[in-house]
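Enquirer: Take this structure, written in structure tokens, and hold onto it; I'll ask about it next.
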Amino acid sequence: QVQLVESGGGLVQAGGSLRLSCAASGRTFSSYVMGWFRQAPGKERESVAAISRSPYNTYYADSVKGRFTISRDNAKNTVYLQMNSLKPEDTAVYYCAATYSGSYAYLTHTQDDYNYWGQGTQVTVSS
């Protein structure tokens, strides 16, 4: 069982930056593939980024490539999402998710593959 708690959301002007954090409970954080998803009002939840166990294969949605960076610190049981050059269309509730993997290289950005979800953190980008 893994519990996930996101933090770091808030209100920022277009062009600004935010760093989201997701703290995970448990002693096996390094065994989980981690992902970030988001859901804007009136839209379906979509994948933003994902990171494998090690040596850190990553995935980014086309809409955030070059602006967002996902990283993880296994010693701190935390995954991060650094968001730069934010746009109003990035406004959404951002969710952290985890799925166990026996493979260091396995990576998925499919929502149905993730078993554990955080409660979400609101990111609002003003124009």
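So you can find residues: chains in the structure tokens are A, B, ... in the order shown, residues in each start at 1, and ligands are numbered from 1 in order.
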Extract, using only C-alpha atoms, all DNA, RNA and protein residues at most 10 Å from Tyr104 of chain A, discarding same-chain residues fewer than 6 positions from it, and format them as a ChimeraX atom specification.

Expert: /A:30-33,52-57

Enquirer: Could you write those residues out with N, CA and C atoms, as an mmCIF file, in the first residue's frame?

Expert:
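Generated file (result-v4.cif):
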data_model
loop_
_atom_site.group_PDB
_atom_site.id
_atom_site.type_symbol
_atom_site.label_atom_id
_atom_site.label_comp_id
_atom_site.auth_asym_id
_atom_site.auth_seq_id
_atom_site.Cartn_x
_atom_site.Cartn_y
_atom_site.Cartn_z
ATOM 1 N N SER A 30 11.173 3.119 -4.183
ATOM 2 C CA SER A 30 12.039 2.913 -5.341
ATOM 3 C C SER A 30 11.543 1.808 -6.266
ATOM 4 N N SER A 31 10.555 1.035 -5.833
ATOM 5 C CA SER A 31 10.000 -0.052 -6.643
ATOM 6 C C SER A 31 8.811 0.385 -7.491
ATOM 7 N N TYR A 32 8.492 1.665 -7.434
ATOM 8 C CA TYR A 32 7.300 2.163 -8.115
ATOM 9 C C TYR A 32 7.643 3.099 -9.261
ATOM 10 N N VAL A 33 6.941 2.894 -10.355
ATOM 11 C CA VAL A 33 6.916 3.871 -11.432
ATOM 12 C C VAL A 33 6.001 5.002 -10.984
ATOM 13 N N SER A 52 10.505 6.171 -14.607
ATOM 14 C CA SER A 52 10.697 4.783 -14.226
ATOM 15 C C SER A 52 11.438 4.688 -12.899
ATOM 16 N N ARG A 53 11.627 3.443 -12.462
ATOM 17 C CA ARG A 53 12.346 3.234 -11.203
ATOM 18 C C ARG A 53 13.782 3.737 -11.324
ATOM 19 N N SER A 54 14.501 3.232 -12.282
ATOM 20 C CA SER A 54 15.911 3.554 -12.470
ATOM 21 C C SER A 54 16.369 2.907 -13.761
ATOM 22 N N PRO A 55 17.226 3.412 -14.583
ATOM 23 C CA PRO A 55 17.924 4.680 -14.420
ATOM 24 C C PRO A 55 17.163 5.885 -14.943
ATOM 25 N N TYR A 56 15.906 5.888 -14.645
ATOM 26 C CA TYR A 56 15.108 7.074 -14.849
ATOM 27 C C TYR A 56 14.767 7.349 -16.305
ATOM 28 N N ASN A 57 14.105 6.371 -16.923
ATOM 29 C CA ASN A 57 13.443 6.671 -18.182
ATOM 30 C C ASN A 57 12.310 7.625 -17.889
#

Enquirer: Identify, on the basis of only C-alpha atoms, every residue whose closest approach to Ser47 of chain A does not exceed 8 Å; exclude the query and any residue fewer than 3 positions from it along the same chain; express the result as a list in words.

Expert: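 Listed by chain and then number, they are Gly35, Trp36, Phe37, Arg38, Ala61, His109, Thr110 and Gln111 of chain A.
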
Enquirer: Can you spit out the residues from that selection as a short mmCIF file (atom, residue, chain, number, x, y, z; two decimals), in the first residue's frame, using N, CA and C atoms?

Expert:
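Just written: out08.cif:
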data_model
loop_
_atom_site.label_atom_id
_atom_site.label_comp_id
_atom_site.auth_asym_id
_atom_site.auth_seq_id
_atom_site.Cartn_x
_atom_site.Cartn_y
_atom_site.Cartn_z
N GLY A 35 4.00 8.76 -11.82
CA GLY A 35 3.47 9.58 -12.90
C GLY A 35 2.77 10.82 -12.36
N TRP A 36 2.70 11.81 -13.21
CA TRP A 36 1.90 13.01 -12.94
C TRP A 36 0.82 13.10 -14.01
N PHE A 37 -0.38 13.38 -13.56
CA PHE A 37 -1.53 13.56 -14.43
C PHE A 37 -2.20 14.87 -14.07
N ARG A 38 -3.07 15.36 -14.95
CA ARG A 38 -3.79 16.58 -14.64
C ARG A 38 -5.18 16.52 -15.23
N ALA A 61 4.23 14.39 -22.02
CA ALA A 61 3.22 14.72 -23.02
C ALA A 61 3.78 15.81 -23.93
N HIS A 109 2.49 5.63 -19.14
CA HIS A 109 1.77 6.88 -18.89
C HIS A 109 0.27 6.66 -19.06
N THR A 110 -0.13 5.39 -19.01
CA THR A 110 -1.55 5.04 -19.12
C THR A 110 -2.18 5.05 -17.74
N GLN A 111 -3.24 5.81 -17.58
CA GLN A 111 -3.85 5.96 -16.27
C GLN A 111 -4.27 4.63 -15.65
#

Enquirer: Among chain A, which ones does DSSP place in strand (DSSP E or B), written as an MDAnalysis selection string?

Expert: chainID A and resid 4:7 10:13 18:24 32:39 46:51 58:60 68:73 78:83 92:100 116:117 121:126

Enquirer: Please, what distance in Å, to one decimal, runs between atom CA of Lys76 of chain A and atom CA of Gly118 of chain A?

Expert: 16.9 Å

Enquirer: Do you know which residues are at most 7 Å from Ala14 of chain A counting only C-alpha atoms, after dropping those on the same chain fewer than 4 positions away, and could you put them as a list of chain:residue names?

Expert: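 Residues meeting the cut-off are A:Ser85, A:Leu86, A:Lys87, A:Pro88, A:Val125, A:Ser126, A:Ser127.
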
Enquirer: As number ranges by chain, list the residues of chain A assigned to helix (DSSP H, G or I) by DSSP on the backbone atoms of this structure.

Expert: A: 29-31, 74-76, 88-90, 111-113
